[in-house]
$ cat structure-v9.txt   # compact mmCIF, C-alpha atoms
# COMPACT_ATOMS: atom_id res chain seq x y z
CA MET G 185 -39.87 -25.70 -1.40
CA SER G 186 -38.71 -22.25 -0.32
CA SER G 187 -36.30 -20.45 -2.65
CA PRO G 188 -32.87 -19.50 -1.36
CA SER G 189 -32.67 -15.97 -0.06
CA THR G 190 -30.75 -13.28 -1.89
CA PRO G 191 -27.40 -12.79 -0.17
CA GLY G 192 -26.54 -9.54 1.48
CA THR G 193 -23.54 -7.37 0.56
CA LEU G 194 -20.30 -6.92 2.43
CA TYR G 195 -19.22 -3.27 2.16
CA ILE G 196 -15.58 -2.33 2.72
CA VAL G 197 -15.86 1.24 3.99
CA SER G 198 -12.94 3.66 4.26
CA THR G 199 -13.02 5.99 7.25
CA PRO G 200 -11.05 9.21 7.97
CA VAL G 201 -7.38 8.82 8.94
CA GLY G 202 -7.57 11.92 11.09
CA ASN G 203 -9.90 14.74 10.05
CA LEU G 204 -13.46 13.52 10.59
CA GLY G 205 -14.61 15.75 7.75
CA ASP G 206 -12.96 13.40 5.27
CA PHE G 207 -15.97 11.11 5.12
CA SER G 208 -18.20 10.62 2.08
CA PHE G 209 -21.97 10.94 1.92
CA ARG G 210 -22.14 7.43 0.50
CA ALA G 211 -20.12 6.01 3.41
CA VAL G 212 -22.52 7.54 5.93
CA GLU G 213 -25.53 6.22 4.01
CA VAL G 214 -24.09 2.70 3.82
CA LEU G 215 -23.21 2.60 7.51
CA LYS G 216 -26.71 3.77 8.44
CA ASN G 217 -28.43 1.10 6.36
CA VAL G 218 -26.50 -2.12 6.95
CA SER G 219 -27.55 -4.47 9.73
CA VAL G 220 -24.21 -4.36 11.53
CA VAL G 221 -20.87 -2.59 11.25
CA LEU G 222 -17.78 -4.69 11.92
CA ALA G 223 -15.20 -2.48 13.60
CA GLU G 224 -11.58 -3.04 14.56
CA ASP G 225 -12.16 -1.11 17.80
CA THR G 226 -15.79 -0.30 18.55
CA ARG G 227 -14.83 2.43 21.04
CA HIS G 228 -12.81 4.23 18.37
CA THR G 229 -15.52 3.89 15.73
CA ARG G 230 -18.16 5.16 18.16
CA HIS G 231 -16.64 8.66 17.95
CA LEU G 232 -17.21 8.65 14.19
CA PHE G 233 -20.75 7.33 14.63
CA ASP G 234 -21.58 10.08 17.12
CA ARG G 235 -20.28 12.77 14.74
CA TYR G 236 -22.51 11.53 11.88
CA GLU G 237 -25.47 10.31 13.99
CA ILE G 238 -25.10 6.70 12.91
CA ARG G 239 -27.07 4.34 15.14
CA THR G 240 -26.25 1.00 13.51
CA ARG G 241 -25.12 -1.81 15.81
CA LEU G 242 -21.36 -2.20 16.14
CA ALA G 243 -19.59 -5.55 16.47
CA SER G 244 -15.93 -6.15 17.20
CA HIS G 245 -13.91 -7.62 14.32
CA HIS G 246 -10.14 -7.64 14.67
CA GLU G 247 -7.06 -9.78 14.02
CA HIS G 248 -7.60 -11.85 17.16
CA ASN G 249 -11.15 -13.00 16.41
CA GLU G 250 -11.32 -12.83 12.60
CA ALA G 251 -10.33 -16.45 11.96
CA LYS G 252 -13.11 -17.74 14.25
CA SER G 253 -15.83 -15.28 13.28
CA ALA G 254 -15.48 -15.19 9.48
CA ALA G 255 -17.47 -18.37 8.79
CA GLY G 256 -20.42 -17.26 10.93
CA LEU G 257 -20.47 -13.81 9.37
CA VAL G 258 -20.51 -15.30 5.87
CA GLU G 259 -23.49 -17.47 6.87
CA ARG G 260 -25.37 -14.36 7.92
CA LEU G 261 -24.43 -12.58 4.71
CA ALA G 262 -25.61 -15.58 2.71
CA ALA G 263 -28.91 -15.45 4.59
CA GLY G 264 -29.51 -11.89 3.42
CA GLU G 265 -27.88 -9.59 5.97
CA SER G 266 -25.71 -6.76 4.67
CA MET G 267 -22.69 -5.67 6.68
CA ALA G 268 -19.98 -3.05 6.57
CA LEU G 269 -16.35 -3.53 7.56
CA VAL G 270 -14.35 -0.57 8.88
CA SER G 271 -10.92 -0.22 10.44
CA ASP G 272 -9.85 2.33 13.02
CA ALA G 273 -8.72 4.69 10.27
CA GLY G 274 -8.36 4.65 6.50
CA THR G 275 -9.05 1.78 4.14
CA PRO G 276 -9.57 -1.68 5.65
CA LEU G 277 -7.21 -4.55 4.74
CA LEU G 278 -4.23 -2.20 4.15
CA SER G 279 -2.17 -3.31 7.16
CA ASP G 280 -5.50 -3.84 8.93
CA PRO G 281 -7.78 -6.86 9.53
CA GLY G 282 -10.39 -8.03 7.03
CA ALA G 283 -8.60 -10.14 4.44
CA ARG G 284 -9.91 -13.46 5.83
CA LEU G 285 -13.49 -12.23 5.84
CA VAL G 286 -13.30 -10.80 2.32
CA ARG G 287 -11.72 -14.01 1.00
CA ALA G 288 -14.40 -16.13 2.68
CA ALA G 289 -17.17 -13.90 1.32
CA VAL G 290 -15.73 -14.03 -2.21
CA ASP G 291 -15.42 -17.82 -2.03
CA ALA G 292 -19.07 -18.05 -0.93
CA GLY G 293 -20.29 -15.85 -3.79
CA ILE G 294 -21.21 -12.94 -1.51
CA PRO G 295 -21.13 -9.50 -3.22
CA VAL G 296 -18.26 -7.39 -1.86
CA GLN G 297 -18.33 -3.66 -2.62
CA PRO G 298 -15.80 -0.94 -1.79
CA VAL G 299 -16.84 2.43 -0.45
CA PRO G 300 -13.67 4.42 -1.20
CA GLY G 301 -12.28 7.16 0.96
CA ALA G 302 -9.29 8.20 3.02
CA SER G 303 -6.02 6.29 2.95
CA ALA G 304 -2.81 7.21 4.78
CA LEU G 305 -0.90 5.39 2.03
CA LEU G 306 -2.29 7.45 -0.84
CA SER G 307 -2.51 10.72 1.10
CA SER G 308 1.21 10.52 1.90
CA LEU G 309 2.20 9.41 -1.59
CA VAL G 310 0.48 12.23 -3.46
CA VAL G 311 2.08 14.98 -1.36
CA SER G 312 5.53 13.38 -1.16
CA GLY G 313 6.93 14.86 -4.34
CA LEU G 314 8.33 11.43 -5.22
CA ASP G 315 7.47 9.44 -8.35
CA THR G 316 3.88 8.16 -8.13
CA SER G 317 3.70 6.35 -11.48
CA ARG G 318 4.75 3.08 -9.83
CA PHE G 319 5.22 2.28 -6.17
CA MET G 320 5.65 -0.65 -3.77
CA PHE G 321 3.72 -0.82 -0.50
CA PHE G 322 5.24 -2.86 2.32
CA GLY G 323 2.91 -1.96 5.17
CA PHE G 324 4.70 -2.54 8.48
CA LEU G 325 8.08 -4.22 8.07
CA THR G 326 8.87 -7.38 10.01
CA ARG G 327 10.46 -6.35 13.30
CA SER G 328 13.63 -8.45 13.05
CA GLY G 329 15.32 -11.51 11.60
CA ARG G 330 15.87 -12.91 8.14
CA GLU G 331 12.53 -11.73 6.77
CA ARG G 332 13.27 -8.13 7.74
CA ARG G 333 16.69 -8.30 6.07
CA ALA G 334 15.03 -9.62 2.93
CA GLU G 335 12.51 -6.76 2.98
CA LEU G 336 15.29 -4.19 3.38
CA ASP G 337 17.18 -5.80 0.49
CA GLU G 338 14.07 -5.56 -1.66
CA ILE G 339 13.63 -1.89 -0.78
CA THR G 340 17.27 -1.21 -1.62
CA ALA G 341 16.90 -2.91 -5.01
CA SER G 342 13.57 -1.26 -5.91
CA HIS G 343 13.57 1.21 -8.80
CA HIS G 344 10.11 2.42 -7.71
CA THR G 345 8.98 4.55 -4.79
CA VAL G 346 8.61 2.47 -1.63
CA VAL G 347 5.93 3.18 1.01
CA ILE G 348 6.23 1.84 4.56
CA TYR G 349 4.07 2.20 7.65
CA GLU G 350 6.27 2.63 10.70
CA ALA G 351 5.83 3.09 14.44
CA ALA G 352 7.05 6.50 15.53
CA ASN G 353 9.60 5.06 17.96
CA ARG G 354 11.17 2.95 15.19
CA VAL G 355 11.57 5.63 12.50
CA VAL G 356 15.21 6.36 13.34
CA ALA G 357 16.16 2.68 13.52
CA THR G 358 14.59 1.92 10.14
CA LEU G 359 16.21 4.94 8.48
CA ALA G 360 19.56 3.95 10.01
CA GLU G 361 19.25 0.40 8.64
CA LEU G 362 18.45 1.73 5.19
CA GLU G 363 21.42 4.08 5.43
CA ARG G 364 23.75 1.21 6.36
CA GLN G 365 22.63 -0.58 3.23
CA GLY G 366 23.88 2.27 1.08
CA ASN G 367 20.65 4.24 0.77
CA GLY G 368 21.72 7.31 2.74
CA GLY G 369 21.60 9.61 -0.29
CA ARG G 370 18.22 8.50 -1.64
CA PRO G 371 15.43 11.09 -1.46
CA ALA G 372 12.88 10.21 1.19
CA VAL G 373 9.85 11.61 3.01
CA VAL G 374 8.45 11.19 6.50
CA ALA G 375 4.71 11.94 6.43
CA ARG G 376 3.38 12.20 9.96
CA GLU G 377 -0.12 12.62 11.41
CA MET G 378 -1.74 13.00 7.99
CA THR G 379 -4.89 15.21 7.98
CA LYS G 380 -4.55 15.81 11.74
CA GLN G 381 -3.76 19.02 13.60
CA PHE G 382 -0.01 18.42 13.67
CA GLU G 383 0.38 17.03 10.15
CA GLU G 384 3.99 17.13 8.96
CA VAL G 385 5.58 16.20 5.64
CA ARG G 386 9.37 16.36 5.94
CA ARG G 387 11.52 15.78 2.88
CA GLY G 388 15.24 15.08 2.59
CA THR G 389 17.60 12.18 2.04
CA VAL G 390 17.44 9.01 4.13
CA GLY G 391 20.53 10.19 6.00
CA GLU G 392 19.24 13.72 6.57
CA LEU G 393 15.93 12.47 7.92
CA ARG G 394 17.68 9.99 10.21
CA THR G 395 19.74 12.84 11.66
CA TYR G 396 16.69 15.10 12.08
CA TYR G 397 14.55 12.51 13.87
CA GLU G 398 17.41 11.53 16.16
CA GLU G 399 17.23 15.10 17.47
CA HIS G 400 13.45 15.52 17.11
CA PRO G 401 11.77 12.18 17.85
CA ALA G 402 8.76 11.45 15.66
CA ARG G 403 5.31 11.23 17.19
CA GLY G 404 1.98 9.89 16.03
CA GLU G 405 1.19 7.89 12.90
CA VAL G 406 4.07 7.74 10.42
CA VAL G 407 4.36 6.86 6.74
CA LEU G 408 7.90 6.54 5.40
CA LEU G 409 8.52 6.92 1.66
CA ILE G 410 11.80 6.22 -0.14
CA SER G 411 12.47 7.06 -3.78
CA GLY G 412 13.41 4.29 -6.18
CA ALA G 413 17.06 3.51 -6.82
CA VAL G 414 18.46 5.08 -9.97
CA PRO G 415 19.56 2.31 -12.38
CA ALA G 416 23.26 2.27 -13.21
CA PRO G 417 23.91 3.57 -16.74
CA VAL G 418 24.28 0.88 -19.40
CA SER G 419 27.37 1.16 -21.57
CA ASP G 420 27.25 1.05 -25.37
CA ASP G 421 29.45 -2.06 -25.25
CA ALA G 422 26.84 -3.86 -23.11
CA VAL G 423 24.13 -2.94 -25.62
CA LYS G 424 26.26 -4.21 -28.52
CA VAL G 425 26.98 -7.50 -26.76
CA ARG G 426 23.32 -8.17 -26.00
CA VAL G 427 22.20 -7.25 -29.52
CA ARG G 428 24.77 -9.60 -31.02
CA GLN G 429 23.68 -12.41 -28.72
CA LEU G 430 20.07 -12.02 -29.77
CA ARG G 431 20.95 -11.69 -33.47
CA ALA G 432 23.04 -14.87 -33.21
CA SER G 433 20.03 -16.67 -31.75
CA GLY G 434 18.09 -15.90 -34.93
CA LEU G 435 16.16 -12.75 -34.10
CA SER G 436 15.77 -10.04 -36.72
CA ALA G 437 17.48 -6.69 -36.19
CA ARG G 438 14.15 -5.12 -35.23
CA ASP G 439 13.20 -7.86 -32.75
CA ALA G 440 16.69 -7.97 -31.24
CA ALA G 441 16.60 -4.19 -30.75
CA ALA G 442 13.19 -4.30 -29.09
CA ALA G 443 14.25 -7.11 -26.74
CA THR G 444 17.49 -5.35 -25.82
CA ALA G 445 15.67 -2.08 -25.13
CA ARG G 446 13.25 -3.86 -22.76
CA GLU G 447 15.96 -5.81 -20.93
CA LEU G 448 18.52 -3.05 -20.48
CA GLY G 449 16.26 -0.02 -20.28
CA VAL G 450 17.93 1.73 -23.22
CA SER G 451 16.31 3.45 -26.16
CA LYS G 452 15.02 1.22 -28.93
CA LYS G 453 16.60 3.60 -31.48
CA LEU G 454 20.08 3.06 -30.00
CA ALA G 455 19.68 -0.70 -29.84
CA TYR G 456 18.40 -0.80 -33.43
CA ALA G 457 21.40 1.19 -34.65
CA PHE G 458 23.72 -1.45 -33.19
CA ALA G 459 21.52 -4.26 -34.50
CA ARG G 460 21.58 -2.80 -38.04
CA GLY G 461 25.35 -2.56 -37.81
CA ASP G 462 25.54 -6.34 -37.43
CA GLU G 463 23.76 -6.98 -40.70

$ encode --input "structure-v9.txt" --output "structure tokens"
Amino acid sequence: MSSPSTPGTLYIVSTPVGNLGDFSFRAVEVLKNVSVVLAEDTRHTRHLFDRYEIRTRLASHHEHNEAKSAAGLVERLAAGESMALVSDAGTPLLSDPGARLVRAAVDAGIPVQPVPGASALLSSLVVSGLDTSRFMFFGFLTRSGRERRAELDEITASHHTVVIYEAANRVVATLAELERQGNGGRPAVVAREMTKQFEEVRRGTVGELRTYYEEHPARGEVVLLISGAVPAPVSDDAVKVRVRQLRASGLSARDAAAATARELGVSKKLAYAFARGDE
């Protein structure tokens, strides 16, 4: 009886978002040594291959054929072939195809390895000047309807930096919608054509950027970043009320103070002072 073959590896390879020099030695090595490279648009990827003299066979893998092709690709991986998945630019699966294939490979026990590199999301975030300690990534917003309204509500309520991919011709409309929801004064950034010749990072408020791009229409690839909403200040009376509620439920002064500090975002020292006052 023949033993089962060792499965191949599915590599998730990040490619440059603009400047072709932003490509790692490891990425080139992986793409040269796999049996096939799965590309969102083979014509686009061919330019990268020509630059780095990569001769590996390219196969088309995009949102329209992924559902049908995933099972067959996993069979080939299980039989021992190694493959690489690339998108047109940046890191695959971030608002790009590939999630079905990765999920199917994981379910089949196929090794999946990242080959990190460029990302429009992270490139824009780190130069934005906004808080990077926590952020929410929405990708492309739904174009219209109830789901879009829910997404805009979630952005408005977020206390963390929000990152959105947006089509250039919709930048003004999205900024205007955010402004109508009361976000006109929130700091924001439009990062455009990252790493390319006409890279632009424009900072201002949501309202200021809406006005600017009404007069100077955006072009190219756009990442829109909005700062988190500043929480409303919590009054001392609200802290006292919550501490008393927790003390009445049986918590110690220390535990009531810790719980109140977490819930209301106030200092533990302040909450403990009120909790001690109830003893």

$ closest_residue --input "structure-v9.txt" --among "G:Pro191, G:Pro200, G:Pro276, G:Pro298" --to "Val214 of chain G" --atoms "all atoms listed in the file"
G:Pro298

$ residues_around --input "structure-v9.txt" --residues "segment 284-288 of chain G" --least-positions-apart "6" --cutoff "10 Å" --atoms "only C-alpha atoms" --output "ChimeraX atom specification"
/G:194-196,245,247,250-258,269,277,294-296

$ write_last_selection --input "structure-v9.txt" --atoms "C-alpha atoms" --output "PDB file, in the coordinates of the input"
ATOM      1  CA  LEU G 194     -20.300  -6.920   2.430  1.00  0.00           C
ATOM      2  CA  TYR G 195     -19.220  -3.270   2.160  1.00  0.00           C
ATOM      3  CA  ILE G 196     -15.580  -2.330   2.720  1.00  0.00           C
ATOM      4  CA  HIS G 245     -13.910  -7.620  14.320  1.00  0.00           C
ATOM      5  CA  GLU G 247      -7.060  -9.780  14.020  1.00  0.00           C
ATOM      6  CA  GLU G 250     -11.320 -12.830  12.600  1.00  0.00           C
ATOM      7  CA  ALA G 251     -10.330 -16.450  11.960  1.00  0.00           C
ATOM      8  CA  LYS G 252     -13.110 -17.740  14.250  1.00  0.00           C
ATOM      9  CA  SER G 253     -15.830 -15.280  13.280  1.00  0.00           C
ATOM     10  CA  ALA G 254     -15.480 -15.190   9.480  1.00  0.00           C
ATOM     11  CA  ALA G 255     -17.470 -18.370   8.790  1.00  0.00           C
ATOM     12  CA  GLY G 256     -20.420 -17.260  10.930  1.00  0.00           C
ATOM     13  CA  LEU G 257     -20.470 -13.810   9.370  1.00  0.00           C
ATOM     14  CA  VAL G 258     -20.510 -15.300   5.870  1.00  0.00           C
ATOM     15  CA  LEU G 269     -16.350  -3.530   7.560  1.00  0.00           C
ATOM     16  CA  LEU G 277      -7.210  -4.550   4.740  1.00  0.00           C
ATOM     17  CA  ILE G 294     -21.210 -12.940  -1.510  1.00  0.00           C
ATOM     18  CA  PRO G 295     -21.130  -9.500  -3.220  1.00  0.00           C
ATOM     19  CA  VAL G 296     -18.260  -7.390  -1.860  1.00  0.00           C
TER      20      VAL G 296
END

$ residues_around --input "structure-v9.txt" --residues "segment 388-402 of chain G" --least-positions-apart "4" --cutoff "8 Å" --atoms "only C-alpha atoms" --output "PyMOL selection string"
chain G and resi 352-353+355-356+359-360+362-363+367-374+376+406+410

$ atom_distance --input "structure-v9.txt" --atom1 "atom CA of Ala437 of chain G" --atom2 "atom CA of Lys452 of chain G"
11.0 Å

$ closest_residue --input "structure-v9.txt" --among "G:Arg446, G:Arg210, G:Arg230, G:Arg460" --to "Pro300 of chain G" --atoms "only C-alpha atoms"
G:Arg210

$ residues_near_point --input "structure-v9.txt" --point "(-28.6, -9.3, 7.9)" --cutoff "10 Å" --atoms "all atoms listed in the file" --output "list in words"
Pro191, Gly192, Thr193, Val218, Ser219, Val220, Leu257, Glu259, Arg260, Leu261, Ala262, Ala263, Gly264, Glu265, Ser266 and Met267 of chain G

$ write_last_selection --input "structure-v9.txt" --atoms "C-alpha atoms" --output "short mmCIF file (atom, residue, chain, number, x, y, z; two decimals), keeping the file's coordinate frame"
data_model
loop_
_atom_site.label_atom_id
_atom_site.label_comp_id
_atom_site.auth_asym_id
_atom_site.auth_seq_id
_atom_site.Cartn_x
_atom_site.Cartn_y
_atom_site.Cartn_z
CA PRO G 191 -27.40 -12.79 -0.17
CA GLY G 192 -26.54 -9.54 1.48
CA THR G 193 -23.54 -7.37 0.56
CA VAL G 218 -26.50 -2.12 6.95
CA SER G 219 -27.55 -4.47 9.73
CA VAL G 220 -24.21 -4.36 11.53
CA LEU G 257 -20.47 -13.81 9.37
CA GLU G 259 -23.49 -17.47 6.87
CA ARG G 260 -25.37 -14.36 7.92
CA LEU G 261 -24.43 -12.58 4.71
CA ALA G 262 -25.61 -15.58 2.71
CA ALA G 263 -28.91 -15.45 4.59
CA GLY G 264 -29.51 -11.89 3.42
CA GLU G 265 -27.88 -9.59 5.97
CA SER G 266 -25.71 -6.76 4.67
CA MET G 267 -22.69 -5.67 6.68
#

$ closest_residue --input "structure-v9.txt" --among "G:His246, G:Arg364, G:Arg431, G:Arg235" --to "Phe207 of chain G" --atoms "all atoms listed in the file"
G:Arg235

$ closest_residue --input "structure-v9.txt" --among "G:Ala432, G:Val221, G:Ala455, G:Ala413" --to "Ala341 of chain G" --atoms "only C-alpha atoms"
G:Ala413

$ closest_residue --input "structure-v9.txt" --among "G:Ser279, G:Thr240, G:Ser308, G:Thr229" --to "Arg386 of chain G" --atoms "all atoms listed in the file"
G:Ser308

$ atom_distance --input "structure-v9.txt" --atom1 "atom CA of Thr190 of chain G" --atom2 "atom CA of Arg239 of chain G"
24.8 Å
